[in-house]
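Everything on this sheet refers to the single structure shown next.
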Protein chains: 2
Amino acid sequence: MKKIEIGHGGGGRLTRDLIQEVFLKHLKGDHLHALEDAATLSLKCDQIAMTTDSYVVHPLFFPGGNIGTLAICGTVNDLAVSGAIPQYISLGLILEEGLPLDTLEQIIMSISEAARDAGVQIVTGDTKVVEKGKGDGIYINTTGIGSIVRRMSAENIESGDVIICTGTLGDHGTAIALAREEFPVESELTSDCAALNKMLEPLFKIDGIRWMRDPTRGGAATVMVELADASGLGIQLFEDSIPLRNDVRFITEMLGFDPLYLANEGKAIIAVSESCSVEVLRMLHNNPLGVNACVIGKVTSDFKGVRLRTVIGGERSLIMAEEETLPRIC
Amino acid sequence: MKKIEIGHGGGGRLTRDLIQEVFLKHLKGDHLHALEDAATLSLKCDQIAMTTDSYVVHPLFFPGGNIGTLAICGTVNDLAVSGAIPQYISLGLILEEGLPLDTLEQIIMSISEAARDAGVQIVTGDTKVVEKGKGDGIYINTTGIGSIVRRMSAENIESGDVIICTGTLGDHGTAIALAREEFPVESELTSDCAALNKMLEPLFKIDGIRWMRDPTRGGAATVMVELADASGLGIQLFEDSIPLRNDVRFITEMLGFDPLYLANEGKAIIAVSESCSVEVLRMLHNNPLGVNACVIGKVTSDFKGVRLRTVIGGERSLIMAEEETLPRIC
């Protein structure tokens, strides 16, 4: 079985072979050429969005995806929730000596597929290799750019706005926890890892759309706290409206996790004017990724911060997570 | 002494504190805001260049710079040699649990300084933390974009063109080798790590400029082989014209390294029409980073590949490096 050697990161023949035989084989496109220092791109717009994320998820493969799928979907989603059309993505790999070449190729194939599905192009890349014990198989950085169609901002939200969640929460975090095999639970659960741009783009035209965010690390609770802080307003969430898969509800209860703090990789939370909320829900329900979209809360000027009306009628404040629930979730 | 904990990568309070107290403290600018998923940038041009590089240099600090300086200069230089004005840079950090916070802050300060000197802005970032033993202090990805002013291409070069090197070769590679303390040599040598954009930009106006490249990993030899391959022409290099510092010449001879294959982080190799070469040299000599610029070879249709006319009058072919001379040089 062929494995990654230190020389694959040396910039010489081994690097060139890897580029030709693995990267260009699967990722070749209009813009990705071997051995160019930078890609030349057309981007006809006044404003562009730029986002970066490194992926260190453990394990590399999990039900519903792998680190490659995640690296594309995550960066595509960051652009989409910023009101941009994702277009070009760069790919920076840090490989650990000894990584099986087959594993690398599988991940690159997933990257290729995810990029094609999302309609983005991998335009430039870089590969470094570190010694065994100085990495963990593969770490990926994806940086994405796209043209901004609709400017989103926490400053846009107003008291009375509605908070919509595009689907069930906590799927990715729970799936990763199970994939680590630290918990003896059998489950059909998969990560929700998906590119949201095609679902979200039609919403950019709706006047009442104020703000969007994908609740990854830190989960929906953290994102809501950030929105409340940035807007100076309060957010009232309703626990009985929060969409949860039954298995996620069961497993998180058993493990003592709060699904509101678990990562999602194929969900968006959207703040929208009340008058547009029905139309937004209708549009979301037309997309397979949005069938479970629903209203989970509302913006209010009655208080600051985030409060959760619990199922039993109580109320508790949600704050930013202090501890890390699950390290290396993405 | 405060150290990086796993929770610093969790997206919660610790992450937010790190962003506020280290990143925003030193990197705050017009475009870098806390807790936004993507930066919004103005870029008024039809064509942009995009480049990505991950940095895994060992050791993190070396004479003449550190991993932070390198991450900015390297990405700025990749854009500059592509005929672009570097503008915006993203910063992706993978931190190893236990990294002293002081070390991180020192690196971030170097990033800030290098970015300011080069005239680029850090516009978005991401931080992940991996467990002790799954990284090596800090790995950095920088991805840069800029507007293309002058299109460079290996296809532009013609027989008779002149190859100019902007300064002494092998400084960075040799400095890193010495910094590893594997070799008992005392030296004043420092890495040549520097941003070349301000030196190169005036050259974009000169008609006879065909192609530029910064000879990092794999060194000048690898870059020349790539140019020969891509153009289908031959390149004749003259060993006695190749600028070398005396200490680099001495140390590389002693260690058995070929300085033509060692990395440089503040040099460019430029292919230019013969008629413009005097003007280009004059312009380079006006910049402190280009005082040692000289002609090191010429393009020919007499053969394919790269040939080095040696000091003693012989000739040898240069091929792409097979082995890695120095792993983790950048």
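In the structure tokens, the first chain shown is A, the next is B, and so on; residue numbers restart at 1 for each chain, and ligands run from 1 in the order shown.
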
Can you list every residue of chain B that has an atom at most 7 Å from chain A, with its nearest atom pair and the distance in Å to one decimal, using only C-alpha atoms, ordered by chain then number, as JSON lines?
{"residue": "B:Ile6", "atom": "CA", "partner": "A:Pro327", "partner_atom": "CA", "distance": 6.7}
{"residue": "B:Gly7", "atom": "CA", "partner": "A:Glu324", "partner_atom": "CA", "distance": 5.0}
{"residue": "B:Gly10", "atom": "CA", "partner": "A:Glu324", "partner_atom": "CA", "distance": 5.2}
{"residue": "B:Gly11", "atom": "CA", "partner": "A:Gly218", "partner_atom": "CA", "distance": 5.2}
{"residue": "B:Gly12", "atom": "CA", "partner": "A:Ala321", "partner_atom": "CA", "distance": 4.8}
{"residue": "B:Arg13", "atom": "CA", "partner": "A:Glu322", "partner_atom": "CA", "distance": 5.4}
{"residue": "B:Leu14", "atom": "CA", "partner": "A:Glu322", "partner_atom": "CA", "distance": 6.9}
{"residue": "B:Asp37", "atom": "CA", "partner": "A:Asp78", "partner_atom": "CA", "distance": 5.6}
{"residue": "B:Ala38", "atom": "CA", "partner": "A:Thr51", "partner_atom": "CA", "distance": 4.5}
{"residue": "B:Ala39", "atom": "CA", "partner": "A:Met50", "partner_atom": "CA", "distance": 5.2}
{"residue": "B:Thr40", "atom": "CA", "partner": "A:Ala49", "partner_atom": "CA", "distance": 4.6}
{"residue": "B:Leu41", "atom": "CA", "partner": "A:Ile48", "partner_atom": "CA", "distance": 5.1}
{"residue": "B:Ser42", "atom": "CA", "partner": "A:Gln47", "partner_atom": "CA", "distance": 4.7}
{"residue": "B:Leu43", "atom": "CA", "partner": "A:Asp46", "partner_atom": "CA", "distance": 6.0}
{"residue": "B:Lys44", "atom": "CA", "partner": "A:Asp46", "partner_atom": "CA", "distance": 5.8}
{"residue": "B:Asp46", "atom": "CA", "partner": "A:Ser42", "partner_atom": "CA", "distance": 5.8}
{"residue": "B:Gln47", "atom": "CA", "partner": "A:Ser42", "partner_atom": "CA", "distance": 4.7}
{"residue": "B:Ile48", "atom": "CA", "partner": "A:Leu41", "partner_atom": "CA", "distance": 5.1}
{"residue": "B:Ala49", "atom": "CA", "partner": "A:Thr40", "partner_atom": "CA", "distance": 4.6}
{"residue": "B:Met50", "atom": "CA", "partner": "A:Ala39", "partner_atom": "CA", "distance": 5.2}
{"residue": "B:Thr51", "atom": "CA", "partner": "A:Ala38", "partner_atom": "CA", "distance": 4.5}
{"residue": "B:Thr52", "atom": "CA", "partner": "A:Gly125", "partner_atom": "CA", "distance": 5.9}
{"residue": "B:Asp53", "atom": "CA", "partner": "A:Asp126", "partner_atom": "CA", "distance": 5.4}
{"residue": "B:Ser54", "atom": "CA", "partner": "A:Gly92", "partner_atom": "CA", "distance": 6.0}
{"residue": "B:Asp78", "atom": "CA", "partner": "A:Asp37", "partner_atom": "CA", "distance": 5.5}
{"residue": "B:Leu79", "atom": "CA", "partner": "A:Ala38", "partner_atom": "CA", "distance": 6.4}
{"residue": "B:Ser82", "atom": "CA", "partner": "A:Ala38", "partner_atom": "CA", "distance": 6.4}
{"residue": "B:Ser90", "atom": "CA", "partner": "A:Thr52", "partner_atom": "CA", "distance": 6.2}
{"residue": "B:Gly92", "atom": "CA", "partner": "A:Ser54", "partner_atom": "CA", "distance": 6.0}
{"residue": "B:Thr124", "atom": "CA", "partner": "A:Thr51", "partner_atom": "CA", "distance": 6.1}
{"residue": "B:Gly125", "atom": "CA", "partner": "A:Thr52", "partner_atom": "CA", "distance": 5.9}
{"residue": "B:Asp126", "atom": "CA", "partner": "A:Asp53", "partner_atom": "CA", "distance": 5.4}
{"residue": "B:Lys128", "atom": "CA", "partner": "A:Ser54", "partner_atom": "CA", "distance": 6.8}
{"residue": "B:Val130", "atom": "CA", "partner": "A:Arg328", "partner_atom": "CA", "distance": 7.0}
{"residue": "B:Gly133", "atom": "CA", "partner": "A:Gly133", "partner_atom": "CA", "distance": 6.2}
{"residue": "B:Lys134", "atom": "CA", "partner": "A:Gly135", "partner_atom": "CA", "distance": 4.5}
{"residue": "B:Gly135", "atom": "CA", "partner": "A:Lys134", "partner_atom": "CA", "distance": 4.5}
{"residue": "B:Asp136", "atom": "CA", "partner": "A:Lys134", "partner_atom": "CA", "distance": 5.6}
{"residue": "B:Asn141", "atom": "CA", "partner": "A:Asn141", "partner_atom": "CA", "distance": 6.9}
{"residue": "B:Thr143", "atom": "CA", "partner": "A:Thr143", "partner_atom": "CA", "distance": 6.7}
{"residue": "B:Arg217", "atom": "CA", "partner": "A:Gly11", "partner_atom": "CA", "distance": 5.3}
{"residue": "B:Gly218", "atom": "CA", "partner": "A:Gly11", "partner_atom": "CA", "distance": 5.2}
{"residue": "B:Thr222", "atom": "CA", "partner": "A:Gly12", "partner_atom": "CA", "distance": 6.7}
{"residue": "B:Met320", "atom": "CA", "partner": "A:Gly12", "partner_atom": "CA", "distance": 5.5}
{"residue": "B:Ala321", "atom": "CA", "partner": "A:Gly12", "partner_atom": "CA", "distance": 4.8}
{"residue": "B:Glu322", "atom": "CA", "partner": "A:Arg13", "partner_atom": "CA", "distance": 5.4}
{"residue": "B:Glu323", "atom": "CA", "partner": "A:Gly7", "partner_atom": "CA", "distance": 6.0}
{"residue": "B:Glu324", "atom": "CA", "partner": "A:Gly7", "partner_atom": "CA", "distance": 5.0}
{"residue": "B:Pro327", "atom": "CA", "partner": "A:Gly10", "partner_atom": "CA", "distance": 6.5}
{"residue": "B:Arg328", "atom": "CA", "partner": "A:Val130", "partner_atom": "CA", "distance": 7.0}

Can you write out the residues you just picked, keeping N, CA and C atoms, as a short mmCIF file (atom, residue, chain, number, x, y, z; two decimals), in the first residue's frame?
data_model
loop_
_atom_site.label_atom_id
_atom_site.label_comp_id
_atom_site.auth_asym_id
_atom_site.auth_seq_id
_atom_site.Cartn_x
_atom_site.Cartn_y
_atom_site.Cartn_z
N ILE B 6 -7.60 22.89 24.50
CA ILE B 6 -8.52 22.37 23.48
C ILE B 6 -9.72 23.30 23.30
N GLY B 7 -10.21 23.86 24.39
CA GLY B 7 -11.39 24.72 24.34
C GLY B 7 -11.20 25.99 23.52
N GLY B 10 -13.03 25.64 20.37
CA GLY B 10 -14.39 25.12 20.47
C GLY B 10 -15.48 26.03 19.93
N GLY B 11 -15.14 27.27 19.60
CA GLY B 11 -16.15 28.17 19.08
C GLY B 11 -16.95 28.88 20.16
N GLY B 12 -16.62 28.62 21.42
CA GLY B 12 -17.36 29.23 22.53
C GLY B 12 -16.60 30.40 23.14
N ARG B 13 -16.71 30.52 24.46
CA ARG B 13 -16.16 31.69 25.13
C ARG B 13 -14.64 31.79 24.99
N LEU B 14 -13.94 30.65 25.17
CA LEU B 14 -12.47 30.68 25.07
C LEU B 14 -12.02 31.12 23.69
N ASP B 37 -18.73 35.27 9.65
CA ASP B 37 -18.33 34.07 8.92
C ASP B 37 -17.50 34.38 7.69
N ALA B 38 -17.67 35.56 7.12
CA ALA B 38 -16.93 35.91 5.92
C ALA B 38 -16.70 37.41 5.90
N ALA B 39 -15.62 37.80 5.27
CA ALA B 39 -15.33 39.23 5.13
C ALA B 39 -15.97 39.75 3.86
N THR B 40 -16.36 41.00 3.87
CA THR B 40 -16.91 41.64 2.68
C THR B 40 -15.84 42.59 2.14
N LEU B 41 -15.47 42.38 0.89
CA LEU B 41 -14.32 43.09 0.33
C LEU B 41 -14.68 43.78 -0.96
N SER B 42 -14.06 44.93 -1.17
CA SER B 42 -14.20 45.59 -2.46
C SER B 42 -13.02 45.20 -3.33
N LEU B 43 -13.28 44.89 -4.55
CA LEU B 43 -12.20 44.49 -5.43
C LEU B 43 -12.65 44.86 -6.84
N LYS B 44 -12.22 46.02 -7.27
CA LYS B 44 -12.72 46.50 -8.55
C LYS B 44 -11.74 46.16 -9.67
N ASP B 46 -11.37 43.11 -13.19
CA ASP B 46 -11.99 42.00 -13.90
C ASP B 46 -11.37 40.67 -13.52
N GLN B 47 -10.06 40.72 -13.27
CA GLN B 47 -9.37 39.45 -13.02
C GLN B 47 -8.65 39.52 -11.68
N ILE B 48 -8.84 38.46 -10.91
CA ILE B 48 -8.12 38.41 -9.64
C ILE B 48 -7.25 37.16 -9.60
N ALA B 49 -6.18 37.25 -8.81
CA ALA B 49 -5.33 36.09 -8.56
C ALA B 49 -5.66 35.57 -7.18
N MET B 50 -5.65 34.25 -7.02
CA MET B 50 -5.91 33.63 -5.72
C MET B 50 -4.83 32.57 -5.50
N THR B 51 -4.25 32.56 -4.32
CA THR B 51 -3.20 31.59 -4.02
C THR B 51 -3.32 31.14 -2.58
N THR B 52 -2.92 29.89 -2.31
CA THR B 52 -2.99 29.37 -0.95
C THR B 52 -1.68 28.68 -0.59
N ASP B 53 -1.29 28.78 0.66
CA ASP B 53 -0.12 28.07 1.15
C ASP B 53 -0.30 27.74 2.62
N SER B 54 0.07 26.51 2.99
CA SER B 54 0.12 26.17 4.40
C SER B 54 1.58 26.21 4.82
N ASP B 78 3.70 35.00 -3.85
CA ASP B 78 3.01 34.19 -4.87
C ASP B 78 2.07 35.05 -5.71
N LEU B 79 1.42 36.01 -5.08
CA LEU B 79 0.55 36.92 -5.83
C LEU B 79 1.37 37.87 -6.70
N SER B 82 2.73 36.55 -9.82
CA SER B 82 1.66 36.28 -10.77
C SER B 82 1.17 37.56 -11.44
N SER B 90 -6.39 35.71 4.11
CA SER B 90 -7.08 34.99 5.18
C SER B 90 -6.06 34.22 5.99
N GLY B 92 -5.65 30.97 8.54
CA GLY B 92 -6.18 29.77 9.18
C GLY B 92 -5.12 29.16 10.08
N THR B 124 -9.98 37.80 7.29
CA THR B 124 -10.81 36.77 7.91
C THR B 124 -9.90 35.68 8.45
N GLY B 125 -10.39 34.95 9.44
CA GLY B 125 -9.52 33.95 10.04
C GLY B 125 -10.30 32.80 10.64
N ASP B 126 -9.55 31.79 11.06
CA ASP B 126 -10.15 30.62 11.69
C ASP B 126 -9.10 29.96 12.56
N LYS B 128 -8.29 26.43 14.84
CA LYS B 128 -8.62 25.10 15.35
C LYS B 128 -7.53 24.69 16.32
N VAL B 130 -5.74 21.21 18.07
CA VAL B 130 -5.63 19.75 18.09
C VAL B 130 -4.89 19.32 19.36
N GLY B 133 0.58 16.41 20.56
CA GLY B 133 1.05 15.25 19.81
C GLY B 133 0.35 15.04 18.49
N LYS B 134 -0.58 15.94 18.13
CA LYS B 134 -1.26 15.86 16.83
C LYS B 134 -0.94 17.06 15.96
N GLY B 135 0.05 17.83 16.38
CA GLY B 135 0.47 18.99 15.61
C GLY B 135 1.90 19.29 16.00
N ASP B 136 2.36 20.53 15.74
CA ASP B 136 3.72 20.89 16.14
C ASP B 136 3.76 22.37 16.48
N ASN B 141 -2.24 28.52 7.60
CA ASN B 141 -2.58 28.66 6.19
C ASN B 141 -2.87 30.13 5.91
N THR B 143 -4.23 32.38 2.64
CA THR B 143 -4.73 32.41 1.28
C THR B 143 -4.88 33.87 0.91
N ARG B 217 10.25 26.17 -2.04
CA ARG B 217 10.56 24.74 -1.98
C ARG B 217 11.12 24.23 -3.31
N GLY B 218 12.17 23.46 -3.27
CA GLY B 218 12.74 22.94 -4.52
C GLY B 218 13.78 23.88 -5.12
N THR B 222 14.44 23.83 -9.43
CA THR B 222 13.10 23.29 -9.68
C THR B 222 12.25 24.27 -10.49
N MET B 320 14.43 18.03 -11.82
CA MET B 320 13.63 18.28 -10.63
C MET B 320 14.17 17.42 -9.48
N ALA B 321 14.20 18.00 -8.27
CA ALA B 321 14.72 17.25 -7.12
C ALA B 321 13.92 15.96 -6.92
N GLU B 322 14.63 14.89 -6.67
CA GLU B 322 13.97 13.61 -6.39
C GLU B 322 13.68 13.48 -4.90
N GLU B 323 14.67 13.80 -4.14
CA GLU B 323 14.59 13.67 -2.68
C GLU B 323 14.32 15.04 -2.09
N GLU B 324 13.84 15.04 -0.89
CA GLU B 324 13.66 16.31 -0.19
C GLU B 324 14.97 16.65 0.51
N PRO B 327 13.14 18.83 4.80
CA PRO B 327 11.69 18.85 5.00
C PRO B 327 11.27 20.04 5.85
N ARG B 328 10.03 20.47 5.69
CA ARG B 328 9.42 21.53 6.50
C ARG B 328 10.25 22.81 6.53
#

All residues 9 Å or closer to Asp302 of chain B, only C-alpha atoms, same chain fewer than 4 positions away omitted, as a ChimeraX atom specification: /B:159,233-234

Give me the residues near His285 of chain A as a list in words, where near means some atom within 12 Å (using only C-alpha atoms) and where sequence neighbours in that chain fewer than 2 positions away do not count.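 Answer for this query is Ile164, Cys165, Thr166, Gly167, Met199, Leu200, Val278, Glu279, Val280, Leu281, Arg282, Met283, Asn287, Pro288, Leu289, Gly290, Val291, Asn292, Ala293 and Cys294 of chain A.
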
Please, which residues of segment 22-210 of chain B, numbered as in this document, come out strand (DSSP E) from DSSP, as a count of residues only? 57

Which one of A:Met254, A:Val225, A:Leu203, A:Ala271 sits closest to Leu284 of chain A if you count only C-alpha atoms? A:Leu203

Name the residues of segment 18-54 of chain B that come out as helix (DSSP H, G or I) in a backbone DSSP run; write them as a list in words.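 Output for segment 18-54 of chain B, helix (DSSP H, G or I) only: Leu18, Ile19, Gln20, Glu21, Val22, Phe23, Leu24, Lys25, His26 and Leu27 of chain B.
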
For those residues, write all heavy atoms to a file as a CSV table (one decimal), in the first residue's frame.
chain,number,residue,atom,x,y,z
B,18,LEU,N,-9.9,34.5,22.8
B,18,LEU,CA,-8.6,34.4,22.0
B,18,LEU,C,-8.7,35.4,20.9
B,18,LEU,O,-7.7,36.2,20.6
B,18,LEU,CB,-8.4,33.0,21.5
B,18,LEU,CG,-7.1,32.7,20.9
B,18,LEU,CD1,-5.9,32.8,21.9
B,18,LEU,CD2,-7.1,31.3,20.3
B,19,ILE,N,-9.8,35.5,20.2
B,19,ILE,CA,-10.0,36.4,19.1
B,19,ILE,C,-9.9,37.8,19.5
B,19,ILE,O,-9.2,38.6,19.0
B,19,ILE,CB,-11.4,36.1,18.4
B,19,ILE,CG1,-11.4,34.8,17.7
B,19,ILE,CG2,-11.8,37.3,17.4
B,19,ILE,CD1,-12.8,34.4,17.2
B,20,GLN,N,-10.6,38.1,20.7
B,20,GLN,CA,-10.5,39.5,21.1
B,20,GLN,C,-9.1,39.9,21.6
B,20,GLN,O,-8.6,41.0,21.3
B,20,GLN,CB,-11.5,39.7,22.3
B,20,GLN,CG,-13.0,39.5,21.9
B,20,GLN,CD,-13.5,40.7,21.1
B,20,GLN,OE1,-12.8,41.7,20.8
B,20,GLN,NE2,-14.7,40.6,20.6
B,21,GLU,N,-8.6,39.0,22.5
B,21,GLU,CA,-7.4,39.4,23.2
B,21,GLU,C,-6.1,39.2,22.5
B,21,GLU,O,-5.1,39.8,22.8
B,21,GLU,CB,-7.3,38.6,24.6
B,21,GLU,CG,-8.4,39.1,25.5
B,21,GLU,CD,-8.7,38.1,26.6
B,21,GLU,OE1,-7.8,37.3,26.9
B,21,GLU,OE2,-9.8,38.1,27.2
B,22,VAL,N,-6.1,38.4,21.5
B,22,VAL,CA,-4.8,38.2,20.7
B,22,VAL,C,-5.0,38.6,19.2
B,22,VAL,O,-4.3,39.5,18.7
B,22,VAL,CB,-4.3,36.7,20.7
B,22,VAL,CG1,-3.1,36.6,19.9
B,22,VAL,CG2,-4.1,36.3,22.2
B,23,PHE,N,-6.0,38.1,18.5
B,23,PHE,CA,-6.1,38.3,17.1
B,23,PHE,C,-6.5,39.8,16.8
B,23,PHE,O,-5.9,40.5,16.1
B,23,PHE,CB,-7.0,37.3,16.4
B,23,PHE,CG,-6.6,35.9,16.7
B,23,PHE,CD1,-7.5,34.9,16.8
B,23,PHE,CD2,-5.3,35.6,16.7
B,23,PHE,CE1,-7.1,33.6,17.0
B,23,PHE,CE2,-4.8,34.3,17.0
B,23,PHE,CZ,-5.8,33.3,17.1
B,24,LEU,N,-7.7,40.2,17.4
B,24,LEU,CA,-8.2,41.5,17.1
B,24,LEU,C,-7.2,42.6,17.6
B,24,LEU,O,-7.1,43.6,17.0
B,24,LEU,CB,-9.6,41.7,17.6
B,24,LEU,CG,-10.6,40.9,16.8
B,24,LEU,CD1,-12.0,41.2,17.3
B,24,LEU,CD2,-10.6,41.3,15.3
B,25,LYS,N,-6.6,42.3,18.8
B,25,LYS,CA,-5.7,43.2,19.4
B,25,LYS,C,-4.6,43.7,18.4
B,25,LYS,O,-4.3,44.8,18.3
B,25,LYS,CB,-5.1,42.6,20.6
B,25,LYS,CG,-4.0,43.5,21.3
B,25,LYS,CD,-3.5,42.8,22.6
B,25,LYS,CE,-2.2,43.3,23.1
B,25,LYS,NZ,-1.6,42.5,24.1
B,26,HIS,N,-4.1,42.7,17.6
B,26,HIS,CA,-3.0,43.0,16.7
B,26,HIS,C,-3.4,43.1,15.3
B,26,HIS,O,-2.7,43.7,14.5
B,26,HIS,CB,-1.9,41.9,16.8
B,26,HIS,CG,-1.3,41.8,18.2
B,26,HIS,ND1,-0.6,42.9,18.7
B,26,HIS,CD2,-1.4,40.9,19.2
B,26,HIS,CE1,-0.2,42.5,20.0
B,26,HIS,NE2,-0.7,41.3,20.3
B,27,LEU,N,-4.5,42.5,14.9
B,27,LEU,CA,-4.8,42.4,13.4
B,27,LEU,C,-6.0,43.3,13.0
B,27,LEU,O,-6.4,43.3,11.9
B,27,LEU,CB,-5.1,41.0,13.0
B,27,LEU,CG,-3.9,40.0,13.3
B,27,LEU,CD1,-4.4,38.6,12.9
B,27,LEU,CD2,-2.7,40.4,12.4

Provide the atom CA of Ile138 of chain A to atom CA of Ala179 of chain B distance in Å, to one decimal place.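 Going from atom CA of Ile138 of chain A over to atom CA of Ala179 of chain B covers 26.9 Å.
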
Can you pull out the residues contacting Ser317 of chain B? Cut-off 12 Å, using only C-alpha atoms, and skip same-chain residues under 4 positions away; I want them as a PyMOL selection string. chain B and resi 221-222+224-225+228+234-238+303-310+321

In Å, rounded to a single decimal, give me how far atom CA of Ile242 of chain A is from atom CA of Arg210 of chain A. 20.4 Å
